[in-house]
file coords-v1.pdb (PDB, C-alpha atoms, pLDDT in the B column)
ATOM      1  CA  MET A   1     119.505  78.570  76.025  1.00 34.00           C
ATOM      2  CA  PHE A   2     115.936  79.849  76.346  1.00 33.00           C
ATOM      3  CA  THR A   3     115.747  83.540  77.308  1.00 37.00           C
ATOM      4  CA  PRO A   4     112.368  84.771  78.592  1.00 37.00           C
ATOM      5  CA  TYR A   5     111.014  87.993  77.082  1.00 37.00           C
ATOM      6  CA  TYR A   6     109.734  89.253  80.420  1.00 45.00           C
ATOM      7  CA  THR A   7     111.525  90.374  83.549  1.00 60.00           C
ATOM      8  CA  ILE A   8     112.516  87.813  86.161  1.00 71.00           C
ATOM      9  CA  LEU A   9     113.341  89.158  89.601  1.00 75.00           C
ATOM     10  CA  TYR A  10     115.325  86.136  90.737  1.00 70.00           C
ATOM     11  CA  HIS A  11     117.761  86.789  87.874  1.00 63.00           C
ATOM     12  CA  ALA A  12     118.413  90.306  89.183  1.00 63.00           C
ATOM     13  CA  ASN A  13     121.963  91.242  90.056  1.00 57.00           C
ATOM     14  CA  GLN A  14     122.792  89.847  93.469  1.00 63.00           C
ATOM     15  CA  SER A  15     124.613  93.063  94.324  1.00 63.00           C
ATOM     16  CA  PHE A  16     121.240  94.769  94.818  1.00 76.00           C
ATOM     17  CA  ARG A  17     120.893  95.239  98.561  1.00 81.00           C
ATOM     18  CA  MET A  18     117.122  95.469  98.655  1.00 91.00           C
ATOM     19  CA  LYS A  19     114.381  94.186  96.335  1.00 93.00           C
ATOM     20  CA  VAL A  20     110.809  95.202  97.093  1.00 95.00           C
ATOM     21  CA  LEU A  21     107.756  93.702  95.365  1.00 95.00           C
ATOM     22  CA  LEU A  22     104.084  94.751  95.369  1.00 95.00           C
ATOM     23  CA  HIS A  23     101.346  92.524  93.988  1.00 95.00           C
ATOM     24  CA  ASN A  24      97.553  92.583  93.947  1.00 94.00           C
ATOM     25  CA  VAL A  25      97.128  88.852  94.410  1.00 95.00           C
ATOM     26  CA  GLN A  26      93.313  88.927  94.279  1.00 93.00           C
ATOM     27  CA  SER A  27      93.084  86.801  97.426  1.00 96.00           C
ATOM     28  CA  LEU A  28      96.143  85.564  99.243  1.00 97.00           C
ATOM     29  CA  HIS A  29      93.663  83.292 100.995  1.00 95.00           C
ATOM     30  CA  ILE A  30      93.049  81.441  97.721  1.00 96.00           C
ATOM     31  CA  HIS A  31      96.436  81.814  96.053  1.00 97.00           C
ATOM     32  CA  PHE A  32      98.792  81.378  98.994  1.00 98.00           C
ATOM     33  CA  ASP A  33     100.318  78.118  97.736  1.00 97.00           C
ATOM     34  CA  ASP A  34     101.070  79.772  94.386  1.00 96.00           C
ATOM     35  CA  VAL A  35     102.543  82.833  96.086  1.00 97.00           C
ATOM     36  CA  ALA A  36     104.707  80.807  98.462  1.00 96.00           C
ATOM     37  CA  CYS A  37     106.392  78.885  95.642  1.00 95.00           C
ATOM     38  CA  ASP A  38     106.832  81.906  93.354  1.00 94.00           C
ATOM     39  CA  TYR A  39     110.575  82.351  92.691  1.00 92.00           C
ATOM     40  CA  ASN A  40     110.142  86.103  92.259  1.00 92.00           C
ATOM     41  CA  VAL A  41     108.529  86.361  95.682  1.00 95.00           C
ATOM     42  CA  GLN A  42     111.325  84.319  97.216  1.00 94.00           C
ATOM     43  CA  ALA A  43     113.926  86.586  95.593  1.00 92.00           C
ATOM     44  CA  ALA A  44     112.530  89.787  97.121  1.00 94.00           C
ATOM     45  CA  GLU A  45     113.580  90.998 100.558  1.00 95.00           C
ATOM     46  CA  ILE A  46     110.174  92.643 101.058  1.00 97.00           C
ATOM     47  CA  ASN A  47     106.877  91.515  99.543  1.00 98.00           C
ATOM     48  CA  ILE A  48     103.700  93.568  99.849  1.00 98.00           C
ATOM     49  CA  PHE A  49     100.417  91.892  98.881  1.00 97.00           C
ATOM     50  CA  VAL A  50      97.064  93.672  98.592  1.00 96.00           C
ATOM     51  CA  GLU A  51      93.517  92.335  98.334  1.00 95.00           C
ATOM     52  CA  THR A  52      94.607  89.479 100.595  1.00 96.00           C
ATOM     53  CA  ARG A  53      91.060  88.639 101.768  1.00 95.00           C
ATOM     54  CA  ILE A  54      92.506  87.539 105.100  1.00 95.00           C
ATOM     55  CA  ARG A  55      90.033  87.753 107.965  1.00 93.00           C
ATOM     56  CA  SER A  56      90.795  88.266 111.634  1.00 90.00           C
ATOM     57  CA  SER A  57      90.102  84.658 112.621  1.00 92.00           C
ATOM     58  CA  ASP A  58      92.695  83.317 110.147  1.00 95.00           C
ATOM     59  CA  CYS A  59      95.814  82.079 111.927  1.00 95.00           C
ATOM     60  CA  ASN A  60      99.216  83.468 110.959  1.00 96.00           C
ATOM     61  CA  THR A  61     100.489  79.929 110.497  1.00 96.00           C
ATOM     62  CA  THR A  62      98.156  79.542 107.518  1.00 97.00           C
ATOM     63  CA  TYR A  63     100.083  82.238 105.656  1.00 98.00           C
ATOM     64  CA  GLU A  64     103.637  81.770 106.914  1.00 97.00           C
ATOM     65  CA  MET A  65     106.454  81.513 104.362  1.00 97.00           C
ATOM     66  CA  ALA A  66     109.858  80.064 105.170  1.00 96.00           C
ATOM     67  CA  ASN A  67     112.560  82.680 105.811  1.00 96.00           C
ATOM     68  CA  PHE A  68     110.016  85.523 105.985  1.00 98.00           C
ATOM     69  CA  ASN A  69     108.357  87.377 108.843  1.00 97.00           C
ATOM     70  CA  LEU A  70     104.698  88.220 108.238  1.00 98.00           C
ATOM     71  CA  PHE A  71     103.025  91.497 109.171  1.00 97.00           C
ATOM     72  CA  ARG A  72      99.277  91.625 108.597  1.00 97.00           C
ATOM     73  CA  ASN A  73      97.242  94.736 107.970  1.00 96.00           C
ATOM     74  CA  ASP A  74      93.759  93.252 107.990  1.00 93.00           C
ATOM     75  CA  TYR A  75      91.124  95.713 106.810  1.00 87.00           C
ATOM     76  CA  ASN A  76      89.055  95.313 109.976  1.00 85.00           C
ATOM     77  CA  PRO A  77      90.862  93.350 112.704  1.00 83.00           C
ATOM     78  CA  ASN A  78      87.637  93.201 114.717  1.00 84.00           C
ATOM     79  CA  SER A  79      85.574  91.628 111.954  1.00 84.00           C
ATOM     80  CA  ASN A  80      85.397  88.040 110.784  1.00 87.00           C
ATOM     81  CA  VAL A  81      84.132  89.020 107.313  1.00 87.00           C
ATOM     82  CA  ARG A  82      86.418  88.013 104.438  1.00 90.00           C
ATOM     83  CA  SER A  83      86.371  91.303 102.532  1.00 90.00           C
ATOM     84  CA  SER A  84      88.253  92.104  99.335  1.00 88.00           C
ATOM     85  CA  TYR A  85      90.563  94.346 101.349  1.00 93.00           C
ATOM     86  CA  GLY A  86      93.583  93.360 103.423  1.00 95.00           C
ATOM     87  CA  MET A  87      97.328  93.854 103.091  1.00 97.00           C
ATOM     88  CA  ALA A  88     100.229  91.620 104.067  1.00 98.00           C
ATOM     89  CA  MET A  89     103.911  92.513 104.236  1.00 98.00           C
ATOM     90  CA  TYR A  90     106.537  89.770 104.221  1.00 98.00           C
ATOM     91  CA  ILE A  91     110.066  90.737 105.265  1.00 98.00           C
ATOM     92  CA  LYS A  92     112.976  88.331 105.043  1.00 97.00           C
ATOM     93  CA  SER A  93     114.082  87.203 108.467  1.00 96.00           C
ATOM     94  CA  ASN A  94     117.647  88.441 107.933  1.00 95.00           C
ATOM     95  CA  ILE A  95     116.486  92.037 107.358  1.00 95.00           C
ATOM     96  CA  ASP A  96     117.020  94.308 110.347  1.00 91.00           C
ATOM     97  CA  CYS A  97     114.050  96.673 110.560  1.00 95.00           C
ATOM     98  CA  ALA A  98     114.510  99.926 112.449  1.00 95.00           C
ATOM     99  CA  THR A  99     110.945  99.555 113.741  1.00 92.00           C
ATOM    100  CA  THR A 100     108.278  96.903 113.634  1.00 93.00           C
ATOM    101  CA  PRO A 101     106.178  97.412 110.486  1.00 96.00           C
ATOM    102  CA  PHE A 102     103.030  99.300 111.363  1.00 96.00           C
ATOM    103  CA  ARG A 103      99.614 100.066 109.929  1.00 96.00           C
ATOM    104  CA  SER A 104      98.597 103.667 109.396  1.00 96.00           C
ATOM    105  CA  ASN A 105      95.233 103.229 107.696  1.00 96.00           C
ATOM    106  CA  PHE A 106      93.378 106.467 106.959  1.00 97.00           C
ATOM    107  CA  ASN A 107      90.130 107.340 105.155  1.00 97.00           C
ATOM    108  CA  ASN A 108      89.437 103.636 104.494  1.00 95.00           C
ATOM    109  CA  ILE A 109      92.752 103.442 102.653  1.00 97.00           C
ATOM    110  CA  GLU A 110      95.319 100.880 103.766  1.00 97.00           C
ATOM    111  CA  LEU A 111      98.849 101.998 104.548  1.00 98.00           C
ATOM    112  CA  THR A 112     101.581  99.691 105.807  1.00 98.00           C
ATOM    113  CA  VAL A 113     104.954 101.198 106.683  1.00 98.00           C
ATOM    114  CA  CYS A 114     108.334  99.550 107.174  1.00 97.00           C
ATOM    115  CA  VAL A 115     111.414 101.507 108.300  1.00 97.00           C
ATOM    116  CA  LEU A 116     114.896 100.222 107.439  1.00 95.00           C
ATOM    117  CA  ASN A 117     118.440 101.415 108.032  1.00 92.00           C
ATOM    118  CA  ASP A 118     119.822  99.708 104.951  1.00 90.00           C
ATOM    119  CA  PRO A 119     120.585 100.464 102.150  1.00 90.00           C
ATOM    120  CA  VAL A 120     120.133 104.015 103.501  1.00 90.00           C
ATOM    121  CA  PRO A 121     119.342 105.132 107.073  1.00 93.00           C
ATOM    122  CA  ASN A 122     115.696 105.718 107.969  1.00 95.00           C
ATOM    123  CA  LEU A 123     114.419 104.371 104.661  1.00 95.00           C
ATOM    124  CA  HIS A 124     110.605 104.225 104.671  1.00 97.00           C
ATOM    125  CA  ILE A 125     108.959 101.560 102.514  1.00 97.00           C
ATOM    126  CA  VAL A 126     105.215 102.228 102.216  1.00 98.00           C
ATOM    127  CA  GLY A 127     102.505 100.031 100.722  1.00 97.00           C
ATOM    128  CA  ILE A 128      99.153 101.667  99.916  1.00 97.00           C
ATOM    129  CA  TYR A 129      95.868 100.195  98.728  1.00 96.00           C
ATOM    130  CA  ARG A 130      92.749 102.188  97.889  1.00 95.00           C
ATOM    131  CA  SER A 131      89.368 100.923  96.709  1.00 92.00           C
ATOM    132  CA  LYS A 132      87.364 103.498  94.722  1.00 90.00           C
ATOM    133  CA  SER A 133      84.164 102.158  96.270  1.00 90.00           C
ATOM    134  CA  LYS A 134      85.379 103.031  99.783  1.00 93.00           C
ATOM    135  CA  ALA A 135      87.501 106.164  99.250  1.00 96.00           C
ATOM    136  CA  ASN A 136      86.863 108.959  96.767  1.00 96.00           C
ATOM    137  CA  GLN A 137      89.373 111.274  95.118  1.00 95.00           C
ATOM    138  CA  GLN A 138      89.413 113.730  98.020  1.00 97.00           C
ATOM    139  CA  ASN A 139      89.974 110.873 100.476  1.00 97.00           C
ATOM    140  CA  LEU A 140      92.909 109.654  98.395  1.00 96.00           C
ATOM    141  CA  ILE A 141      94.665 113.039  98.225  1.00 97.00           C
ATOM    142  CA  GLU A 142      93.997 113.652 101.925  1.00 98.00           C
ATOM    143  CA  THR A 143      95.532 110.278 102.731  1.00 98.00           C
ATOM    144  CA  ILE A 144      98.669 110.949 100.682  1.00 97.00           C
ATOM    145  CA  ASN A 145      99.095 114.305 102.418  1.00 98.00           C
ATOM    146  CA  HIS A 146      98.468 112.657 105.794  1.00 98.00           C
ATOM    147  CA  LEU A 147     101.167 110.103 105.024  1.00 98.00           C
ATOM    148  CA  LEU A 148     103.739 112.668 103.913  1.00 97.00           C
ATOM    149  CA  ASP A 149     102.924 115.254 106.601  1.00 97.00           C
ATOM    150  CA  THR A 150     102.292 113.016 109.611  1.00 96.00           C
ATOM    151  CA  VAL A 151     103.548 109.454 109.170  1.00 97.00           C
ATOM    152  CA  ILE A 152     106.784 110.291 107.341  1.00 96.00           C
ATOM    153  CA  PRO A 153     108.774 112.380 109.848  1.00 90.00           C
ATOM    154  CA  TYR A 154     110.479 114.846 107.485  1.00 94.00           C
ATOM    155  CA  ALA A 155     110.098 115.912 103.862  1.00 93.00           C
ATOM    156  CA  ASP A 156     113.602 114.654 103.052  1.00 94.00           C
ATOM    157  CA  THR A 157     113.078 111.258 104.694  1.00 97.00           C
ATOM    158  CA  PRO A 158     114.070 108.694 102.040  1.00 96.00           C
ATOM    159  CA  THR A 159     110.806 107.082 100.989  1.00 97.00           C
ATOM    160  CA  VAL A 160     109.618 104.536  98.445  1.00 96.00           C
ATOM    161  CA  ILE A 161     105.855 104.264  97.944  1.00 96.00           C
ATOM    162  CA  LEU A 162     104.424 101.203  96.202  1.00 95.00           C
ATOM    163  CA  ASP A 163     100.722 101.516  95.607  1.00 92.00           C
ATOM    164  CA  ASP A 164      97.520 100.252  94.082  1.00 91.00           C
ATOM    165  CA  PHE A 165      95.422 103.422  93.799  1.00 90.00           C
ATOM    166  CA  ASN A 166      92.858 102.124  91.276  1.00 86.00           C
ATOM    167  CA  VAL A 167      93.473 105.083  88.973  1.00 83.00           C
ATOM    168  CA  ASN A 168      94.131 104.746  85.250  1.00 76.00           C
ATOM    169  CA  LEU A 169      97.193 106.908  84.588  1.00 73.00           C
ATOM    170  CA  LEU A 170      96.893 106.321  80.853  1.00 73.00           C
ATOM    171  CA  GLU A 171      93.625 108.255  80.814  1.00 79.00           C
ATOM    172  CA  VAL A 172      93.398 111.972  81.558  1.00 86.00           C
ATOM    173  CA  SER A 173      90.924 112.413  84.418  1.00 90.00           C
ATOM    174  CA  SER A 174      90.432 114.490  87.535  1.00 94.00           C
ATOM    175  CA  GLU A 175      92.034 111.736  89.642  1.00 92.00           C
ATOM    176  CA  GLN A 176      95.033 111.431  87.332  1.00 90.00           C
ATOM    177  CA  LYS A 177      95.518 115.202  87.413  1.00 94.00           C
ATOM    178  CA  ALA A 178      95.110 115.331  91.208  1.00 95.00           C
ATOM    179  CA  LEU A 179      97.726 112.605  91.736  1.00 93.00           C
ATOM    180  CA  THR A 180     100.163 114.279  89.371  1.00 92.00           C
ATOM    181  CA  LYS A 181      99.730 117.623  91.113  1.00 96.00           C
ATOM    182  CA  CYS A 182     100.010 116.191  94.622  1.00 96.00           C
ATOM    183  CA  LEU A 183     102.909 113.770  94.279  1.00 95.00           C
ATOM    184  CA  LEU A 184     104.927 114.995  91.307  1.00 94.00           C
ATOM    185  CA  GLN A 185     104.455 118.763  91.334  1.00 96.00           C
ATOM    186  CA  GLN A 186     103.893 119.641  94.982  1.00 97.00           C
ATOM    187  CA  ARG A 187     105.874 116.880  96.695  1.00 96.00           C
ATOM    188  CA  ARG A 188     108.564 116.548  94.007  1.00 96.00           C
ATOM    189  CA  TYR A 189     108.406 112.769  93.982  1.00 95.00           C
ATOM    190  CA  LYS A 190     109.465 110.806  90.929  1.00 93.00           C
ATOM    191  CA  GLN A 191     107.104 108.305  89.340  1.00 90.00           C
ATOM    192  CA  LEU A 192     108.730 105.031  88.343  1.00 87.00           C
ATOM    193  CA  ILE A 193     107.322 102.520  85.839  1.00 72.00           C
ATOM    194  CA  SER A 194     105.142 103.975  83.121  1.00 58.00           C
ATOM    195  CA  GLN A 195     103.989 100.756  81.449  1.00 58.00           C
ATOM    196  CA  PHE A 196     100.711  98.935  82.010  1.00 59.00           C
ATOM    197  CA  ALA A 197     100.368  96.786  85.121  1.00 59.00           C
ATOM    198  CA  THR A 198      97.419  94.529  84.306  1.00 61.00           C
ATOM    199  CA  ASP A 199      96.627  91.919  81.692  1.00 58.00           C
ATOM    200  CA  TYR A 200      94.252  94.464  80.151  1.00 55.00           C
ATOM    201  CA  HIS A 201      97.134  96.774  79.150  1.00 55.00           C
ATOM    202  CA  THR A 202      95.982  99.614  81.384  1.00 53.00           C
ATOM    203  CA  GLN A 203      97.173 101.236  84.568  1.00 48.00           C
ATOM    204  CA  ILE A 204      93.690 101.015  86.009  1.00 52.00           C
ATOM    205  CA  ASP A 205      94.986  99.719  89.310  1.00 51.00           C
ATOM    206  CA  HIS A 206      97.884 102.163  89.243  1.00 54.00           C
ATOM    207  CA  MET A 207     100.296  99.668  90.774  1.00 68.00           C
ATOM    208  CA  HIS A 208     103.292 101.912  90.570  1.00 80.00           C
ATOM    209  CA  ILE A 209     106.141 103.346  92.522  1.00 89.00           C
ATOM    210  CA  TYR A 210     106.964 106.841  93.719  1.00 93.00           C
ATOM    211  CA  THR A 211     110.134 107.934  95.466  1.00 94.00           C
ATOM    212  CA  ASN A 212     112.000 111.018  96.617  1.00 95.00           C
ATOM    213  CA  THR A 213     115.326 109.158  96.357  1.00 92.00           C
ATOM    214  CA  PRO A 214     115.507 108.197  92.655  1.00 90.00           C
ATOM    215  CA  ASN A 215     119.300 107.870  92.741  1.00 88.00           C
ATOM    216  CA  GLN A 216     118.906 104.839  95.023  1.00 86.00           C
ATOM    217  CA  ILE A 217     116.570 103.120  92.578  1.00 82.00           C
ATOM    218  CA  LEU A 218     118.366 100.931  90.079  1.00 75.00           C
ATOM    219  CA  PHE A 219     115.814  98.736  88.421  1.00 75.00           C
ATOM    220  CA  PRO A 220     112.053  99.304  88.667  1.00 80.00           C
ATOM    221  CA  SER A 221     110.055  96.929  86.495  1.00 82.00           C
ATOM    222  CA  VAL A 222     106.920  94.813  86.001  1.00 84.00           C
ATOM    223  CA  LEU A 223     106.730  91.038  86.367  1.00 83.00           C
ATOM    224  CA  GLU A 224     104.243  88.410  85.178  1.00 84.00           C
ATOM    225  CA  SER A 225     101.897  86.299  87.288  1.00 82.00           C
ATOM    226  CA  TYR A 226      99.844  83.281  86.297  1.00 86.00           C
ATOM    227  CA  TYR A 227      97.579  83.377  89.376  1.00 86.00           C
ATOM    228  CA  SER A 228      96.426  87.009  89.129  1.00 89.00           C
ATOM    229  CA  ASP A 229      95.553  89.288  86.203  1.00 85.00           C
ATOM    230  CA  HIS A 230      97.386  92.068  88.015  1.00 85.00           C
ATOM    231  CA  LYS A 231     101.097  92.212  87.350  1.00 88.00           C
ATOM    232  CA  PRO A 232     103.562  92.387  90.255  1.00 91.00           C
ATOM    233  CA  ILE A 233     105.809  95.432  90.292  1.00 91.00           C
ATOM    234  CA  PHE A 234     109.186  95.664  91.959  1.00 90.00           C
ATOM    235  CA  VAL A 235     112.104  97.932  92.578  1.00 90.00           C
ATOM    236  CA  CYS A 236     115.746  97.238  93.390  1.00 89.00           C
ATOM    237  CA  LEU A 237     117.726  99.564  95.639  1.00 89.00           C
ATOM    238  CA  ALA A 238     121.478  99.964  95.691  1.00 79.00           C
TER     239      ALA A 238
END
call {"tool": "encode", "arguments": {"input": "coords-v1.pdb", "output": "C-alpha cells"}}
result
Amino acid sequence: MFTPYYTILYHANQSFRMKVLLHNVQSLHIHFDDVACDYNVQAAEINIFVETRIRSSDCNTTYEMANFNLFRNDYNPNSNVRSSYGMAMYIKSNIDCATTPFRSNFNNIELTVCVLNDPVPNLHIVGIYRSKSKANQQNLIETINHLLDTVIPYADTPTVILDDFNVNLLEVSSEQKALTKCLLQQRRYKQLISQFATDYHTQIDHMHIYTNTPNQILFPSVLESYYSDHKPIFVCLA
C-alpha cells in the first residue's frame, strides 16, 4: 500500500472534534474549483482562506461549497475592485457557532473571528491576514494588541489564531523580534508549527498558529497544495 510522505488531513483521527485549516489560496476566485474538491478542505470543520480576490459584486453562490456555510470578509465591501486581499471562512453546516462569524478589520489588516462552544466553551478561532505593503510593523503589533485587548473578551478566553503575517520567522529581524515579544513573551501564547510554509522553504508568509490553550491542540501540521505555492496549515482540537 502506498503511504504518502506528507500529511493528509482527511486521514486524521476521526475522534478529533474540530479541525481548522488556513490557506493562502492566491485567488479563491481563480482556484475555487480546485479548493472545492480538495479532500483536505472537505475534512476540516473550519476553513479560512486568504488572498481570495473576491470583490463585492461577486455572488455568494459562485463560492458556495456543499455542507459548508460561507462567511466573507471582503477587503472593501463598497468597492468592485478585485484586489489581492479578501478572506473567506467556511464552517461546516453541522457546527453550532455561539455567534455569527464577524469581521474585525483594523489598520488595513483583516481579522475574521468565529466563536464556538465546542470542543471548549467560548472558543475563539481567529484568522488574520496582513500585507506588508498596506500595514507596517507598528500597525501589525497594534492590531494584535487590539485583537487581544478589545475583540477577545478576557485574557484567559481560549483562543486559536491562524495567520498569514508576511514575516519570515526563520530570519532575525525587527518584525520577528516584535512578534516574539508581543505574542510569546508578553501574551504568553504558544507558537505551533515551526517548519516552512511555502514552496520556497521559508516562513515568509508566516502562516502559523498561536494559542493560549496548547493542551487542547493535538496535531498542528502543514499540508501540500498543487494550486498554490503557499502550504495550507491546520490544527486539530480535542
call {"tool": "closest_residue", "arguments": {"input": "coords-v1.pdb", "among": "A:Tyr85, A:Tyr154, A:Phe68, A:Phe16", "to": "Asp118 of chain A", "atoms": "only C-alpha atoms"}}
result
A:Phe16
call {"tool": "axis_aligned_box", "arguments": {"input": "coords-v1.pdb", "around": "segment 91-106 of chain A", "padding_each_side": "8 Å", "output": "JSON"}}
result
{"center_x": 105.5, "center_y": 96.8, "center_z": 109.4, "size_x": 40.3, "size_y": 35.3, "size_z": 24.7}
call {"tool": "atom_distance", "arguments": {"input": "coords-v1.pdb", "atom1": "atom CA of Ser174 of chain A", "atom2": "atom CA of His23 of chain A"}}
result
25.4 Å
call {"tool": "resolve_selection", "arguments": {"input": "coords-v1.pdb", "expression": "the PyMOL selection byres ((chain A and resi 175-187) around 10)", "output": "list in words"}}
result
Asn136, Gln137, Gln138, Leu140, Ile141, Glu142, Ile144, Asn145, Leu148, Ala155, Phe165, Asn166, Val167, Asn168, Leu169, Leu170, Glu171, Val172, Ser173, Ser174, Arg188, Tyr189, Lys190, Gln191, His206, Tyr210, Thr211 and Asn212 of chain A
call {"tool": "resolve_selection", "arguments": {"input": "coords-v1.pdb", "expression": "the PyMOL selection byres ((chain A and resi 20) around 7)", "output": "list in words"}}
result
Met18, Lys19, Leu21, Leu22, Ala44, Glu45, Ile46, Asn47, Phe234, Val235 and Cys236 of chain A
call {"tool": "resolve_selection", "arguments": {"input": "coords-v1.pdb", "expression": "the PyMOL selection byres ((chain A and resi 55) around 7)", "output": "MDAnalysis selection string"}}
result
chainID A and resid 53:54 56:58 74 80:82
call {"tool": "decode", "arguments": {"input": "coords-v1.pdb", "residues": "segment 98-113 of chain A", "atoms": "C-alpha atoms", "output": "compact mmCIF listing (two decimals), in the first residue's frame"}}
result
# COMPACT_ATOMS: atom_id res chain seq x y z
CA ALA A 98 -22.01 30.70 19.51
CA THR A 99 -22.14 33.84 17.35
CA THR A 100 -22.21 34.59 13.66
CA PRO A 101 -18.61 34.92 12.42
CA PHE A 102 -17.66 38.57 12.26
CA ARG A 103 -15.05 40.82 10.71
CA SER A 104 -12.90 42.97 12.95
CA ASN A 105 -10.52 44.51 10.42
CA PHE A 106 -8.06 47.03 11.86
CA ASN A 107 -5.14 49.03 10.45
CA ASN A 108 -5.74 47.55 6.97
CA ILE A 109 -5.27 44.09 8.45
CA GLU A 110 -8.02 41.52 8.02
CA LEU A 111 -9.39 39.73 11.06
CA THR A 112 -12.23 37.22 10.95
CA VAL A 113 -13.48 35.77 14.23
